[in-house]
file final23.cif (mmCIF, C-alpha atoms)
data_data
loop_
_atom_site.label_atom_id
_atom_site.label_comp_id
_atom_site.auth_asym_id
_atom_site.auth_seq_id
_atom_site.Cartn_x
_atom_site.Cartn_y
_atom_site.Cartn_z
CA MET W 1 -20.44 -8.27 6.66
CA LEU W 2 -18.85 -6.95 3.52
CA THR W 3 -20.41 -4.06 1.69
CA ALA W 4 -21.27 -4.53 -2.00
CA GLN W 5 -18.25 -2.40 -2.95
CA LEU W 6 -15.82 -4.49 -0.92
CA LYS W 7 -17.34 -7.62 -2.44
CA GLN W 8 -16.92 -6.26 -5.98
CA LYS W 9 -13.29 -5.32 -5.28
CA TYR W 10 -12.58 -8.75 -3.86
CA GLU W 11 -14.16 -10.57 -6.80
CA LEU W 12 -12.09 -8.54 -9.26
CA ALA W 13 -8.92 -9.20 -7.24
CA GLU W 14 -9.76 -12.89 -7.23
CA ARG W 15 -10.26 -12.93 -11.00
CA LEU W 16 -7.02 -11.00 -11.47
CA GLY W 17 -5.15 -13.43 -9.22
CA SER W 18 -6.48 -16.41 -11.10
CA LEU W 19 -5.38 -14.88 -14.43
CA LEU W 20 -1.91 -13.98 -13.16
CA ASN W 21 -1.51 -17.41 -11.61
CA THR W 22 -2.57 -19.22 -14.79
CA THR W 23 -0.27 -17.14 -16.97
CA HIS W 24 2.62 -17.26 -14.44
CA SER W 25 2.75 -13.48 -14.48
CA THR W 26 3.51 -10.95 -11.78
CA VAL W 27 2.25 -7.46 -11.01
CA CYS W 28 3.28 -4.49 -8.91
CA THR W 29 1.54 -1.24 -8.05
CA ILE W 30 2.78 2.33 -7.79
CA GLU W 31 0.10 4.33 -6.06
CA SER W 32 -0.34 7.96 -5.25
CA CYS W 33 -3.96 8.99 -4.49
CA THR W 34 -5.12 5.44 -3.72
CA GLY W 35 -2.33 5.18 -1.13
CA GLY W 36 -1.82 1.41 -1.18
CA GLY W 37 -5.48 0.46 -1.65
CA LEU W 38 -4.86 -1.36 -4.92
CA ALA W 39 -2.03 -3.46 -3.45
CA PHE W 40 -4.25 -4.11 -0.41
CA ALA W 41 -7.03 -5.38 -2.71
CA ILE W 42 -4.68 -7.59 -4.73
CA THR W 43 -3.14 -9.14 -1.61
CA ASP W 44 -6.56 -9.91 -0.15
CA VAL W 45 -6.56 -13.07 -2.27
CA PRO W 46 -4.93 -16.13 -0.63
CA GLY W 47 -1.74 -17.18 -2.41
CA SER W 48 -1.16 -13.69 -3.85
CA SER W 49 2.54 -13.90 -2.99
CA ALA W 50 2.81 -15.97 -6.20
CA TRP W 51 1.94 -12.90 -8.31
CA ILE W 52 2.88 -9.82 -6.27
CA ASN W 53 6.29 -9.34 -4.67
CA GLN W 54 6.55 -5.64 -3.95
CA SER W 55 4.77 -2.34 -4.43
CA TRP W 56 5.14 1.33 -3.63
CA VAL W 57 3.10 4.17 -2.25
CA THR W 58 4.65 7.20 -3.93
CA TYR W 59 2.61 9.92 -2.31
CA SER W 60 4.92 12.93 -2.73
CA ASN W 61 6.71 14.12 -5.86
CA GLU W 62 10.03 13.24 -4.22
CA ALA W 63 8.84 9.69 -3.61
CA LYS W 64 7.83 9.33 -7.26
CA SER W 65 11.38 10.28 -8.30
CA GLN W 66 13.25 8.50 -5.52
CA LEU W 67 11.37 5.20 -5.50
CA VAL W 68 10.47 4.57 -9.14
CA GLY W 69 12.63 7.09 -11.04
CA VAL W 70 10.07 9.63 -12.33
CA LYS W 71 12.11 12.50 -13.79
CA SER W 72 11.83 15.78 -11.88
CA GLU W 73 11.41 17.64 -15.19
CA THR W 74 8.38 15.49 -16.01
CA LEU W 75 6.84 16.32 -12.64
CA LYS W 76 7.67 19.99 -13.07
CA HIS W 77 6.34 20.32 -16.63
CA PHE W 78 3.21 18.16 -16.46
CA GLY W 79 2.39 17.92 -12.73
CA ALA W 80 2.02 14.75 -10.64
CA VAL W 81 -1.48 14.07 -12.01
CA SER W 82 -0.66 13.62 -15.68
CA GLN W 83 -0.34 11.05 -18.44
CA GLU W 84 3.41 11.60 -18.57
CA VAL W 85 3.95 10.96 -14.85
CA VAL W 86 1.82 7.78 -14.67
CA THR W 87 3.71 6.49 -17.72
CA GLU W 88 7.06 6.92 -15.94
CA MET W 89 5.65 5.56 -12.67
CA ALA W 90 4.43 2.40 -14.41
CA GLN W 91 7.65 1.91 -16.37
CA GLY W 92 9.84 2.55 -13.32
CA GLY W 93 7.83 0.18 -11.13
CA GLN W 94 7.74 -2.58 -13.76
CA GLU W 95 11.51 -2.37 -14.16
CA ARG W 96 12.44 -2.18 -10.47
CA ALA W 97 10.05 -4.94 -9.42
CA ASN W 98 10.97 -6.98 -12.49
CA ALA W 99 7.23 -7.53 -12.92
CA ASP W 100 5.26 -8.40 -16.05
CA TYR W 101 2.58 -5.83 -15.25
CA ALA W 102 2.71 -2.58 -13.27
CA VAL W 103 -0.19 -0.30 -12.44
CA ALA W 104 0.39 3.37 -11.61
CA ILE W 105 -2.33 5.63 -10.20
CA SER W 106 -2.08 9.38 -9.63
CA GLY W 107 -5.08 11.61 -9.03
CA ILE W 108 -6.81 14.25 -6.97
CA ALA W 109 -8.95 12.47 -4.39
CA GLY W 110 -9.93 15.73 -2.72
CA PRO W 111 -11.55 17.40 -1.00
CA SER W 112 -8.91 20.04 -1.81
CA GLY W 113 -6.15 20.18 -4.45
CA GLY W 114 -8.35 20.62 -7.52
CA SER W 115 -8.02 23.32 -10.18
CA ALA W 116 -9.92 24.37 -13.31
CA ASP W 117 -8.02 22.02 -15.62
CA LYS W 118 -7.41 19.31 -13.01
CA PRO W 119 -10.56 19.06 -10.90
CA VAL W 120 -11.07 16.95 -7.79
CA GLY W 121 -11.90 13.43 -8.95
CA LEU W 122 -9.46 13.40 -11.88
CA VAL W 123 -7.30 10.27 -11.83
CA TRP W 124 -4.65 9.19 -14.31
CA PHE W 125 -3.76 5.51 -14.72
CA GLY W 126 -0.77 3.84 -16.36
CA ILE W 127 -0.58 0.11 -17.02
CA ALA W 128 2.78 -1.28 -18.10
CA SER W 129 2.62 -4.70 -19.74
CA PRO W 130 5.05 -6.72 -21.86
CA GLN W 131 3.45 -4.87 -24.83
CA GLY W 132 4.25 -1.39 -23.50
CA VAL W 133 2.44 1.23 -21.42
CA GLN W 134 -1.18 2.24 -21.86
CA THR W 135 -2.66 5.23 -20.08
CA PHE W 136 -6.15 6.57 -19.47
CA SER W 137 -7.89 9.01 -17.17
CA ARG W 138 -11.29 9.37 -15.53
CA CYS W 139 -12.97 12.10 -13.59
CA PHE W 140 -14.90 10.40 -10.80
CA SER W 141 -17.63 12.02 -8.79
CA GLY W 142 -18.19 11.54 -5.07
CA ASP W 143 -16.19 12.21 -1.93
CA ARG W 144 -12.56 11.27 -1.22
CA GLN W 145 -13.39 7.69 -0.25
CA GLN W 146 -15.62 7.20 -3.30
CA VAL W 147 -13.01 8.59 -5.70
CA ARG W 148 -10.36 6.25 -4.26
CA GLU W 149 -12.63 3.20 -4.31
CA GLN W 150 -13.75 3.82 -7.91
CA ALA W 151 -10.12 4.28 -8.96
CA ILE W 152 -9.14 0.93 -7.41
CA VAL W 153 -12.05 -0.89 -9.06
CA LEU W 154 -11.30 0.64 -12.48
CA ALA W 155 -7.60 -0.22 -12.16
CA LEU W 156 -8.47 -3.86 -11.42
CA GLU W 157 -10.93 -4.01 -14.34
CA LYS W 158 -8.49 -2.46 -16.81
CA LEU W 159 -5.60 -4.65 -15.67
CA ILE W 160 -7.74 -7.77 -16.11
CA TYR W 161 -8.74 -6.57 -19.59
CA CYS W 162 -5.10 -5.87 -20.42
CA ILE W 163 -3.98 -9.36 -19.37
CA VAL W 164 -6.84 -11.06 -21.22
CA SER W 165 -6.04 -9.02 -24.36
CA SER W 166 -2.37 -9.98 -24.14
CA GLN W 167 -3.13 -13.70 -24.39
CA MET F 1 -22.49 2.74 4.04
CA LEU F 2 -19.35 2.02 6.03
CA THR F 3 -19.15 -1.04 8.19
CA ALA F 4 -18.31 -0.55 11.88
CA GLN F 5 -14.80 -1.83 11.21
CA LEU F 6 -14.14 0.64 8.39
CA LYS F 7 -15.49 3.42 10.61
CA GLN F 8 -13.18 2.42 13.48
CA LYS F 9 -10.18 2.33 11.14
CA TYR F 10 -11.04 5.74 9.74
CA GLU F 11 -11.48 7.29 13.20
CA LEU F 12 -8.08 5.95 14.29
CA ALA F 13 -6.45 7.23 11.07
CA GLU F 14 -8.05 10.62 11.67
CA ARG F 15 -6.76 10.75 15.24
CA LEU F 16 -3.30 9.68 14.04
CA GLY F 17 -3.32 12.35 11.33
CA SER F 18 -4.30 15.04 13.78
CA LEU F 19 -1.47 14.00 16.14
CA LEU F 20 1.14 13.88 13.36
CA ASN F 21 -0.06 17.21 12.00
CA THR F 22 0.08 18.91 15.40
CA THR F 23 3.55 17.57 16.16
CA HIS F 24 4.81 18.22 12.59
CA SER F 25 5.84 14.58 12.34
CA THR F 26 5.84 12.13 9.45
CA VAL F 27 5.23 8.42 9.15
CA CYS F 28 5.85 5.65 6.64
CA THR F 29 4.75 2.04 6.48
CA ILE F 30 6.54 -1.14 5.47
CA GLU F 31 3.92 -3.82 5.06
CA SER F 32 4.04 -7.49 4.33
CA CYS F 33 0.85 -9.40 5.26
CA THR F 34 -1.35 -6.28 5.32
CA GLY F 35 -0.23 -5.50 1.76
CA GLY F 36 -0.68 -1.72 1.79
CA GLY F 37 -3.80 -1.64 3.95
CA LEU F 38 -2.19 0.46 6.69
CA ALA F 39 -0.97 3.08 4.19
CA PHE F 40 -4.42 2.99 2.56
CA ALA F 41 -6.04 3.71 5.96
CA ILE F 42 -3.61 6.52 6.80
CA THR F 43 -4.11 8.22 3.41
CA ASP F 44 -7.90 8.06 3.75
CA VAL F 45 -7.67 11.24 5.81
CA PRO F 46 -7.76 14.50 3.80
CA GLY F 47 -4.46 16.38 3.97
CA SER F 48 -2.47 13.23 4.75
CA SER F 49 0.26 14.26 2.29
CA ALA F 50 1.46 16.51 5.14
CA TRP F 51 2.44 13.46 7.22
CA ILE F 52 3.02 10.58 4.80
CA ASN F 53 5.32 10.82 1.78
CA GLN F 54 6.09 7.26 0.81
CA SER F 55 5.58 3.67 1.86
CA TRP F 56 6.40 0.15 0.78
CA VAL F 57 4.70 -3.16 0.31
CA THR F 58 7.50 -5.64 0.92
CA TYR F 59 5.67 -8.86 0.27
CA SER F 60 8.55 -11.21 -0.62
CA ASN F 61 11.81 -11.75 1.25
CA GLU F 62 13.69 -10.19 -1.68
CA ALA F 63 11.53 -7.07 -1.46
CA LYS F 64 12.28 -6.74 2.26
CA SER F 65 16.01 -6.76 1.49
CA GLN F 66 15.89 -4.76 -1.73
CA LEU F 67 13.49 -2.01 -0.69
CA VAL F 68 14.27 -1.41 2.98
CA GLY F 69 17.57 -3.21 3.53
CA VAL F 70 16.61 -6.19 5.69
CA LYS F 71 19.71 -8.41 5.88
CA SER F 72 19.36 -11.75 4.12
CA GLU F 73 20.98 -13.47 7.13
CA THR F 74 18.26 -12.07 9.39
CA LEU F 75 15.57 -13.44 7.06
CA LYS F 76 17.36 -16.77 6.85
CA HIS F 77 17.95 -17.19 10.59
CA PHE F 78 14.67 -15.86 12.00
CA GLY F 79 12.19 -16.04 9.10
CA ALA F 80 10.14 -13.19 7.62
CA VAL F 81 7.62 -13.28 10.47
CA SER F 82 9.92 -12.43 13.37
CA GLN F 83 10.87 -9.71 15.81
CA GLU F 84 14.26 -9.33 14.18
CA VAL F 85 12.85 -8.81 10.68
CA VAL F 86 10.19 -6.25 11.67
CA THR F 87 12.90 -4.37 13.58
CA GLU F 88 15.04 -4.09 10.44
CA MET F 89 12.01 -3.31 8.27
CA ALA F 90 11.01 -0.43 10.57
CA GLN F 91 14.55 0.92 10.85
CA GLY F 92 15.16 0.66 7.09
CA GLY F 93 11.89 2.35 6.22
CA GLN F 94 12.36 5.15 8.76
CA GLU F 95 15.82 5.88 7.38
CA ARG F 96 14.95 5.68 3.67
CA ALA F 97 11.76 7.74 3.99
CA ASN F 98 13.48 10.12 6.42
CA ALA F 99 10.35 9.79 8.54
CA ASP F 100 9.90 10.34 12.27
CA TYR F 101 7.86 7.16 12.64
CA ALA F 102 7.84 3.93 10.63
CA VAL F 103 5.51 0.98 11.11
CA ALA F 104 6.50 -2.49 9.90
CA ILE F 105 4.07 -5.42 9.77
CA SER F 106 4.90 -9.03 8.93
CA GLY F 107 2.59 -11.93 9.64
CA ILE F 108 0.79 -15.02 8.48
CA ALA F 109 -2.65 -13.95 7.28
CA GLY F 110 -3.51 -17.44 6.07
CA PRO F 111 -5.28 -19.56 5.18
CA SER F 112 -2.01 -21.44 4.54
CA GLY F 113 1.59 -20.74 5.58
CA GLY F 114 1.23 -21.51 9.28
CA SER F 115 3.38 -23.91 11.32
CA ALA F 116 3.46 -25.19 14.91
CA ASP F 117 5.61 -22.34 16.22
CA LYS F 118 4.27 -19.73 13.79
CA PRO F 119 0.55 -20.35 13.40
CA VAL F 120 -1.83 -18.61 10.99
CA GLY F 121 -2.84 -15.31 12.60
CA LEU F 122 0.60 -14.54 14.08
CA VAL F 123 1.66 -11.00 13.23
CA TRP F 124 4.84 -9.16 14.26
CA PHE F 125 4.89 -5.37 14.42
CA GLY F 126 7.81 -2.94 14.62
CA ILE F 127 7.38 0.77 15.32
CA ALA F 128 10.42 2.97 14.81
CA SER F 129 10.22 6.35 16.54
CA PRO F 130 12.81 9.00 17.41
CA GLN F 131 13.27 7.02 20.66
CA GLY F 132 14.14 3.72 18.91
CA VAL F 133 12.25 0.66 17.76
CA GLN F 134 9.61 -1.17 19.77
CA THR F 135 8.25 -4.52 18.69
CA PHE F 136 5.30 -6.67 19.67
CA SER F 137 3.33 -9.60 18.30
CA ARG F 138 -0.23 -10.84 18.39
CA CYS F 139 -1.93 -14.01 17.30
CA PHE F 140 -5.26 -12.97 15.81
CA SER F 141 -8.14 -15.31 15.20
CA GLY F 142 -10.46 -15.18 12.19
CA ASP F 143 -10.04 -15.55 8.46
CA ARG F 144 -7.48 -13.82 6.21
CA GLN F 145 -9.50 -10.60 5.95
CA GLN F 146 -10.10 -10.49 9.70
CA VAL F 147 -6.43 -11.09 10.53
CA ARG F 148 -5.39 -8.27 8.17
CA GLU F 149 -8.03 -5.83 9.44
CA GLN F 150 -7.18 -6.50 13.11
CA ALA F 151 -3.48 -6.03 12.34
CA ILE F 152 -4.15 -2.63 10.73
CA VAL F 153 -6.32 -1.47 13.63
CA LEU F 154 -3.74 -2.58 16.22
CA ALA F 155 -0.93 -0.88 14.29
CA LEU F 156 -2.88 2.39 14.24
CA GLU F 157 -3.67 2.15 17.96
CA LYS F 158 -0.08 1.36 18.93
CA LEU F 159 1.34 4.09 16.72
CA ILE F 160 -1.03 6.65 18.28
CA TYR F 161 0.01 5.45 21.76
CA CYS F 162 3.68 5.68 20.76
CA ILE F 163 3.33 9.27 19.52
CA VAL F 164 1.32 10.35 22.59
CA SER F 165 3.92 8.76 24.89
CA SER F 166 6.75 10.54 23.05
CA GLN F 167 5.35 13.99 23.85
#

call {"tool": "encode", "arguments": {"input": "final23.cif", "output": "structure tokens"}}
result
Amino acid sequence: MLTAQLKQKYELAERLGSLLNTTHSTVCTIESCTGGGLAFAITDVPGSSAWINQSWVTYSNEAKSQLVGVKSETLKHFGAVSQEVVTEMAQGGQERANADYAVAISGIAGPSGGSADKPVGLVWFGIASPQGVQTFSRCFSGDRQQVREQAIVLALEKLIYCIVSSQ
Amino acid sequence: MLTAQLKQKYELAERLGSLLNTTHSTVCTIESCTGGGLAFAITDVPGSSAWINQSWVTYSNEAKSQLVGVKSETLKHFGAVSQEVVTEMAQGGQERANADYAVAISGIAGPSGGSADKPVGLVWFGIASPQGVQTFSRCFSGDRQQVREQAIVLALEKLIYCIVSSQ
């Protein structure tokens, strides 16, 4: 039996898939703290190969540079969990996957790794669309699993909103 | 509340993490039908950045070639769901991530896409280790979600067995 959270994630992924399918659009993901969970949610929907071809888990700083071209100066100056880094992750992913939309996620899922200005639960998101990149952040409460699940759900919601707004 | 399946996956990921941490080894994943779910499970464990740096979701044939170097002739001759393709996926991922272990998964999660010789539920796995690549396949029963979840659990179990046997 699915939990309510899994059900919510699946329903969002289904709605997203239907929108991407109708608009003949494609998406890719570039995930750090969610570690592939967003791509996993998107591909849960039958037929998803029509709207997702490839995605990355860029867990380390090196992976962010190597796989989707985040500049090392950006990582050095702003840190991996920053507006600047998710912007470059989303742009790099969109370009390399040749996708209409790209969603980048970088955050501190915890339990360790937090600091005064970047606490555990802080997650930055970047969504690249044909209109450009939009970014936003949230500070989620809860444990590691809860932070990751909330981040995936918010990414799906915001991506749906972005596609609907683009029409 | 976690379902029994999520709990089992987490316990396996925790055991895997402890093994990789103790042996100072790293892993990467190259996923097709599981769409990032194995990487998501591995990164559920706190501190996992010590043993996983990067991973790929290679959903399309093009992604398999582009991201981890699977030869287009191999895809053409044997199909994406084959021993030959998961071997090249695992080898390519291991090399590009410079990881000790790499796990490749390619299968038919359904509900469509099956054929007489490659039915829905068939999943091929490749595990690259310092000793070489081992491959195996299973034909799982159940719906799309169940096929994907069983594939992730089996991949975790086999990877743990592979690391323990390497010691």

call {"tool": "residues_around", "arguments": {"input": "final23.cif", "residues": "region 100-108 of chain F", "least_positions_apart": "6", "cutoff": "7 Å", "atoms": "all atoms listed in the file", "output": "list in words"}}
result
Ser25, Thr26, Val27, Cys28, Thr29, Ile30, Glu31, Ser32, Cys33, Ala80, Val81, Val86, Met89, Ala90, Gly93, Gln94, Gly114, Val120, Gly121, Leu122, Val123, Trp124, Phe125, Gly126, Ile127, Ala128, Ser129 and Pro130 of chain F

call {"tool": "closest_residue", "arguments": {"input": "final23.cif", "among": "F:Ala155, F:Leu19, F:Val57, F:Cys162", "to": "Ala41 (chain F)", "atoms": "all atoms listed in the file"}}
result
F:Ala155

call {"tool": "resolve_selection", "arguments": {"input": "final23.cif", "expression": "the PyMOL selection byres ((chain W) within 9 of (chain F))", "output": "PyMOL selection string"}}
result
chain W and resi 1-3+32-47+49+52-64+67+97+109-112+144-145+148

call {"tool": "atom_distance", "arguments": {"input": "final23.cif", "atom1": "CA of Lys9 (chain W)", "atom2": "CA of Val147 (chain W)"}}
result
13.9 Å

call {"tool": "residues_near_point", "arguments": {"input": "final23.cif", "point": "(-5.2, 3.2, 21.7)", "cutoff": "12 Å", "atoms": "only C-alpha atoms", "output": "list in words"}}
result
Gln8, Lys9, Glu11, Leu12, Ala13, Arg15, Leu16, Val153, Leu154, Ala155, Leu156, Glu157, Lys158, Leu159, Ile160, Tyr161, Cys162, Ile163, Val164 and Ser165 of chain F

call {"tool": "resolve_selection", "arguments": {"input": "final23.cif", "expression": "the PyMOL selection byres ((chain F and resi 74) around 12)", "output": "list in words"}}
result
Asn61, Lys64, Ser65, Gly69, Val70, Lys71, Ser72, Glu73, Leu75, Lys76, His77, Phe78, Gly79, Ala80, Val81, Ser82, Gln83, Glu84, Val85, Val86, Thr87, Glu88 and Met89 of chain F

call {"tool": "atom_distance", "arguments": {"input": "final23.cif", "atom1": "CA of Trp51 (chain F)", "atom2": "CA of Phe140 (chain F)"}}
result
28.8 Å

call {"tool": "atom_distance", "arguments": {"input": "final23.cif", "atom1": "CA of Ile152 (chain W)", "atom2": "CA of Phe136 (chain W)"}}
result
13.6 Å

call {"tool": "closest_residue", "arguments": {"input": "final23.cif", "among": "W:Gln134, W:Glu149, W:Cys139, W:Ala99", "to": "Asp117 (chain W)", "atoms": "all atoms listed in the file"}}
result
W:Cys139

call {"tool": "axis_aligned_box", "arguments": {"input": "final23.cif", "around": "region 110-125 of chain W", "padding_each_side": "6 Å", "output": "AutoDock Vina command-line options"}}
result
--center_x -7.8 --center_y 14.9 --center_z -8.3 --size_x 20.1 --size_y 30.9 --size_z 26.6
